[in-house]
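Okay, target-v8.txt now, which holds compact mmCIF, N, CA and C atoms:
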```txt
# COMPACT_ATOMS: atom_id res chain seq x y z
N MET A 37 147.36 128.95 175.98
CA MET A 37 146.75 129.44 174.76
C MET A 37 146.18 128.25 173.98
N SER A 38 145.03 128.44 173.33
CA SER A 38 144.39 127.34 172.62
C SER A 38 145.00 127.13 171.23
N GLU A 39 144.76 125.96 170.71
CA GLU A 39 145.27 125.56 169.40
C GLU A 39 144.43 126.21 168.29
N VAL A 40 145.08 126.59 167.20
CA VAL A 40 144.37 127.14 166.05
C VAL A 40 143.55 126.02 165.43
N VAL A 41 142.25 126.25 165.26
CA VAL A 41 141.36 125.24 164.71
C VAL A 41 141.24 125.37 163.21
N TYR A 42 141.20 126.60 162.72
CA TYR A 42 141.02 126.83 161.28
C TYR A 42 141.68 128.12 160.87
N ARG A 43 142.38 128.09 159.77
CA ARG A 43 142.99 129.29 159.20
C ARG A 43 142.49 129.39 157.76
N SER A 44 141.76 130.42 157.47
CA SER A 44 141.18 130.59 156.14
C SER A 44 142.27 130.90 155.12
N GLN A 45 142.18 130.26 153.98
CA GLN A 45 143.11 130.48 152.88
C GLN A 45 142.35 131.18 151.76
N VAL A 46 142.38 132.50 151.76
CA VAL A 46 141.66 133.31 150.79
C VAL A 46 142.66 134.19 150.06
N ARG A 47 142.44 134.33 148.75
CA ARG A 47 143.30 135.22 147.96
C ARG A 47 142.40 136.21 147.24
N VAL A 48 142.71 137.50 147.37
CA VAL A 48 141.93 138.56 146.72
C VAL A 48 142.83 139.25 145.71
N VAL A 49 142.31 139.41 144.49
CA VAL A 49 143.05 140.05 143.42
C VAL A 49 142.29 141.29 142.96
N ARG A 50 142.94 142.43 142.97
CA ARG A 50 142.32 143.65 142.46
C ARG A 50 142.40 143.60 140.94
N GLU A 51 141.24 143.61 140.30
CA GLU A 51 141.19 143.50 138.85
C GLU A 51 141.33 144.88 138.19
N LYS A 52 140.41 145.78 138.52
CA LYS A 52 140.44 147.13 137.95
C LYS A 52 139.54 148.01 138.80
N GLY A 53 140.07 149.11 139.28
CA GLY A 53 139.28 150.03 140.10
C GLY A 53 138.70 149.34 141.32
N ALA A 54 137.38 149.38 141.43
CA ALA A 54 136.70 148.80 142.59
C ALA A 54 136.43 147.30 142.43
N TYR A 55 136.78 146.74 141.30
CA TYR A 55 136.46 145.34 141.04
C TYR A 55 137.58 144.42 141.50
N ARG A 56 137.17 143.38 142.28
CA ARG A 56 138.12 142.41 142.81
C ARG A 56 137.57 141.00 142.63
N THR A 57 138.47 140.05 142.61
CA THR A 57 138.10 138.64 142.54
C THR A 57 138.71 137.95 143.75
N ALA A 58 137.90 137.12 144.40
CA ALA A 58 138.39 136.37 145.57
C ALA A 58 138.34 134.88 145.28
N VAL A 59 139.40 134.19 145.65
CA VAL A 59 139.43 132.74 145.56
C VAL A 59 139.21 132.24 146.99
N LEU A 60 138.12 131.50 147.17
CA LEU A 60 137.71 131.05 148.49
C LEU A 60 137.79 129.53 148.59
N PRO A 61 138.05 129.01 149.78
CA PRO A 61 138.08 127.56 149.95
C PRO A 61 136.69 126.95 149.70
N ALA A 62 136.69 125.78 149.12
CA ALA A 62 135.46 125.02 148.86
C ALA A 62 134.52 125.70 147.87
N THR A 63 135.00 126.70 147.16
CA THR A 63 134.20 127.36 146.13
C THR A 63 134.95 127.16 144.81
N PRO A 64 134.36 126.40 143.88
CA PRO A 64 135.08 126.04 142.66
C PRO A 64 135.45 127.23 141.76
N GLU A 65 134.61 128.24 141.72
CA GLU A 65 134.87 129.40 140.88
C GLU A 65 135.19 130.62 141.74
N PRO A 66 136.03 131.53 141.25
CA PRO A 66 136.30 132.77 141.99
C PRO A 66 135.02 133.59 142.18
N VAL A 67 134.98 134.39 143.23
CA VAL A 67 133.83 135.25 143.53
C VAL A 67 134.21 136.68 143.17
N ASP A 68 133.33 137.34 142.41
CA ASP A 68 133.58 138.71 141.99
C ASP A 68 132.93 139.70 142.94
N PHE A 69 133.64 140.79 143.24
CA PHE A 69 133.14 141.87 144.06
C PHE A 69 133.25 143.16 143.27
N GLY A 70 132.35 144.08 143.52
CA GLY A 70 132.42 145.37 142.84
C GLY A 70 131.69 146.43 143.64
N VAL A 71 130.94 147.25 142.94
CA VAL A 71 130.15 148.29 143.59
C VAL A 71 128.76 148.32 142.96
N HIS A 72 127.82 148.89 143.68
CA HIS A 72 126.48 149.10 143.16
C HIS A 72 125.96 150.44 143.64
N SER A 73 124.86 150.84 143.13
CA SER A 73 124.19 152.14 143.33
C SER A 73 124.67 153.01 144.48
N ALA A 74 124.23 152.70 145.69
CA ALA A 74 124.53 153.57 146.84
C ALA A 74 126.02 153.64 147.13
N ILE A 75 126.70 152.54 147.03
CA ILE A 75 128.14 152.52 147.29
C ILE A 75 128.88 153.31 146.21
N ALA A 76 128.50 153.10 144.97
CA ALA A 76 129.13 153.82 143.85
C ALA A 76 128.93 155.33 144.02
N ALA A 77 127.73 155.73 144.39
CA ALA A 77 127.44 157.16 144.58
C ALA A 77 128.27 157.73 145.72
N HIS A 78 128.38 156.99 146.81
CA HIS A 78 129.15 157.46 147.96
C HIS A 78 130.61 157.72 147.60
N TYR A 79 131.19 156.81 146.84
CA TYR A 79 132.60 156.93 146.48
C TYR A 79 132.84 157.68 145.17
N GLY A 80 131.76 158.12 144.51
CA GLY A 80 131.91 158.83 143.25
C GLY A 80 132.42 157.96 142.12
N VAL A 81 132.03 156.69 142.15
CA VAL A 81 132.47 155.73 141.13
C VAL A 81 131.36 155.57 140.10
N VAL A 82 131.75 155.59 138.84
CA VAL A 82 130.80 155.33 137.76
C VAL A 82 130.94 153.86 137.40
N THR A 83 129.82 153.15 137.40
CA THR A 83 129.88 151.71 137.09
C THR A 83 128.85 151.37 136.03
N ASP A 84 129.25 150.52 135.12
CA ASP A 84 128.31 150.05 134.09
C ASP A 84 127.83 148.64 134.37
N HIS A 85 128.36 148.05 135.45
CA HIS A 85 127.98 146.69 135.82
C HIS A 85 127.92 146.62 137.35
N GLU A 86 126.72 146.65 137.91
CA GLU A 86 126.58 146.62 139.36
C GLU A 86 126.83 145.21 139.89
N MET A 87 127.57 145.15 140.99
CA MET A 87 127.90 143.88 141.62
C MET A 87 127.84 144.03 143.14
N ALA A 88 127.71 142.91 143.83
CA ALA A 88 127.74 142.94 145.29
C ALA A 88 129.10 143.43 145.77
N THR A 89 129.09 144.15 146.88
CA THR A 89 130.33 144.67 147.45
C THR A 89 130.83 143.72 148.54
N THR A 90 132.05 143.96 148.97
CA THR A 90 132.59 143.13 150.06
C THR A 90 131.75 143.29 151.32
N ILE A 91 131.24 144.49 151.57
CA ILE A 91 130.42 144.69 152.77
C ILE A 91 129.12 143.89 152.68
N ASP A 92 128.57 143.71 151.48
CA ASP A 92 127.38 142.88 151.30
C ASP A 92 127.66 141.44 151.74
N TYR A 93 128.82 140.92 151.36
CA TYR A 93 129.20 139.56 151.75
C TYR A 93 129.45 139.44 153.24
N ILE A 94 130.07 140.47 153.82
CA ILE A 94 130.32 140.45 155.28
C ILE A 94 129.00 140.44 156.04
N VAL A 95 128.07 141.27 155.63
CA VAL A 95 126.76 141.31 156.30
C VAL A 95 126.04 139.98 156.14
N ALA A 96 126.08 139.41 154.94
CA ALA A 96 125.42 138.11 154.71
C ALA A 96 126.06 137.02 155.56
N ALA A 97 127.38 137.02 155.66
CA ALA A 97 128.07 136.00 156.45
C ALA A 97 127.75 136.14 157.94
N THR A 98 127.67 137.37 158.41
CA THR A 98 127.37 137.62 159.81
C THR A 98 125.94 137.18 160.14
N GLY A 99 125.03 137.45 159.22
CA GLY A 99 123.63 137.09 159.44
C GLY A 99 123.37 135.60 159.30
N GLY A 100 124.27 134.91 158.62
CA GLY A 100 124.08 133.48 158.35
C GLY A 100 124.54 132.66 159.49
```

Do you think you could lay out the structure here as structure tokens?
Amino acid sequence: MSEVVYRSQVRVVREKGAYRTAVLPATPEPVDFGVHSAIAAHYGVVTDHEMATTIDYIVAATGG
């Protein structure tokens, strides 16, 4: 079996409802996640502040 090269140290905190904050390595400030238009409509969530969702970050990371 091969040696572990990297283990990510990430902490996610649920703030309120769909809103979460993630503390990521090498990122000085926490990253906020929430919901926006299509996602909010799908889950029946009312939001007054649209934010990128976790799936948006996953897609961006995969494409990068």

Excluding Asp68 in chain A and residues on its chain fewer than 6 positions from it, collect all residues at most 8 Å away from it, counting only N, CA and C atoms, and give them as an mmCIF file with N, CA and C atoms, keeping the file's coordinate frame.
```
data_model
loop_
_atom_site.group_PDB
_atom_site.id
_atom_site.type_symbol
_atom_site.label_atom_id
_atom_site.label_comp_id
_atom_site.auth_asym_id
_atom_site.auth_seq_id
_atom_site.Cartn_x
_atom_site.Cartn_y
_atom_site.Cartn_z
ATOM 1 N N TYR A 55 136.780 146.740 141.300
ATOM 2 C CA TYR A 55 136.460 145.340 141.040
ATOM 3 C C TYR A 55 137.580 144.420 141.500
ATOM 4 N N ARG A 56 137.170 143.380 142.280
ATOM 5 C CA ARG A 56 138.120 142.410 142.810
ATOM 6 C C ARG A 56 137.570 141.000 142.630
ATOM 7 N N THR A 57 138.470 140.050 142.610
ATOM 8 C CA THR A 57 138.100 138.640 142.540
ATOM 9 C C THR A 57 138.710 137.950 143.750
ATOM 10 N N ALA A 58 137.900 137.120 144.400
ATOM 11 C CA ALA A 58 138.390 136.370 145.570
ATOM 12 C C ALA A 58 138.340 134.880 145.280
ATOM 13 N N VAL A 59 139.400 134.190 145.650
ATOM 14 C CA VAL A 59 139.430 132.740 145.560
ATOM 15 C C VAL A 59 139.210 132.240 146.990
ATOM 16 N N MET A 87 127.570 145.150 140.990
ATOM 17 C CA MET A 87 127.900 143.880 141.620
ATOM 18 C C MET A 87 127.840 144.030 143.140
ATOM 19 N N ALA A 88 127.710 142.910 143.830
ATOM 20 C CA ALA A 88 127.740 142.940 145.290
ATOM 21 C C ALA A 88 129.100 143.430 145.770
ATOM 22 N N THR A 89 129.090 144.150 146.880
ATOM 23 C CA THR A 89 130.330 144.670 147.450
ATOM 24 C C THR A 89 130.830 143.720 148.540
ATOM 25 N N THR A 90 132.050 143.960 148.970
ATOM 26 C CA THR A 90 132.590 143.130 150.060
ATOM 27 C C THR A 90 131.750 143.290 151.320
#
```

For this session: Find the distance between CA of Glu65 in chain A and CA of Asp84 in chain A and write it in Å to one decimal.
Result: 22.7 Å

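For the pair CA of Ile75 in chain A and CA of Gly53 in chain A, the interatomic distance is 13.5 Å.
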
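The spacing separating CA of Arg50 in chain A from CA of Val67 in chain A amounts to 12.0 Å.
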
For this session: Per DSSP on the backbone, filter chain A down to the residues in helix (DSSP H, G or I) and report them as a PyMOL selection string.
Result: chain A and resi 73-79+90-99

Extract range 43-86 of chain A from the preceding block and save C-alpha atoms as a CSV table (one decimal), in the first residue's frame.
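To be explicit, this is the file written out as decode26.csv:
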```
chain,number,residue,atom,x,y,z
A,43,ARG,CA,-4.5,14.8,4.1
A,44,SER,CA,-6.7,17.9,3.9
A,45,GLN,CA,-7.5,19.7,7.1
A,46,VAL,CA,-10.8,21.3,6.5
A,47,ARG,CA,-13.4,22.4,9.1
A,48,VAL,CA,-17.0,23.2,8.2
A,49,VAL,CA,-19.4,25.0,10.5
A,50,ARG,CA,-23.1,25.1,10.0
A,51,GLU,CA,-24.0,28.7,10.7
A,52,LYS,CA,-27.8,28.9,10.1
A,53,GLY,CA,-30.0,26.9,7.7
A,54,ALA,CA,-28.2,26.4,4.4
A,55,TYR,CA,-25.3,28.7,5.3
A,56,ARG,CA,-22.0,27.2,6.3
A,57,THR,CA,-18.4,28.5,6.8
A,58,ALA,CA,-15.4,26.4,5.9
A,59,VAL,CA,-11.9,26.9,7.2
A,60,LEU,CA,-9.5,25.8,4.4
A,61,PRO,CA,-5.7,25.3,4.5
A,62,ALA,CA,-3.7,28.2,3.0
A,63,THR,CA,-6.8,30.5,2.9
A,64,PRO,CA,-6.5,33.3,5.5
A,65,GLU,CA,-10.2,33.9,5.8
A,66,PRO,CA,-13.1,31.4,6.1
A,67,VAL,CA,-15.1,30.7,3.0
A,68,ASP,CA,-18.8,31.1,3.1
A,69,PHE,CA,-21.3,28.8,1.4
A,70,GLY,CA,-25.0,29.2,1.0
A,71,VAL,CA,-27.7,28.9,-1.7
A,72,HIS,CA,-28.7,30.8,-4.8
A,73,SER,CA,-31.7,31.0,-7.2
A,74,ALA,CA,-32.0,27.5,-8.7
A,75,ILE,CA,-30.7,25.6,-5.7
A,76,ALA,CA,-32.9,27.7,-3.3
A,77,ALA,CA,-36.0,27.0,-5.5
A,78,HIS,CA,-35.2,23.3,-5.7
A,79,TYR,CA,-35.0,22.9,-1.9
A,80,GLY,CA,-37.8,25.5,-1.2
A,81,VAL,CA,-35.4,27.8,0.7
A,82,VAL,CA,-36.1,31.5,0.9
A,83,THR,CA,-32.8,33.5,0.8
A,84,ASP,CA,-32.2,37.2,1.0
A,85,HIS,CA,-28.5,36.8,0.3
A,86,GLU,CA,-27.4,34.6,-2.6
```
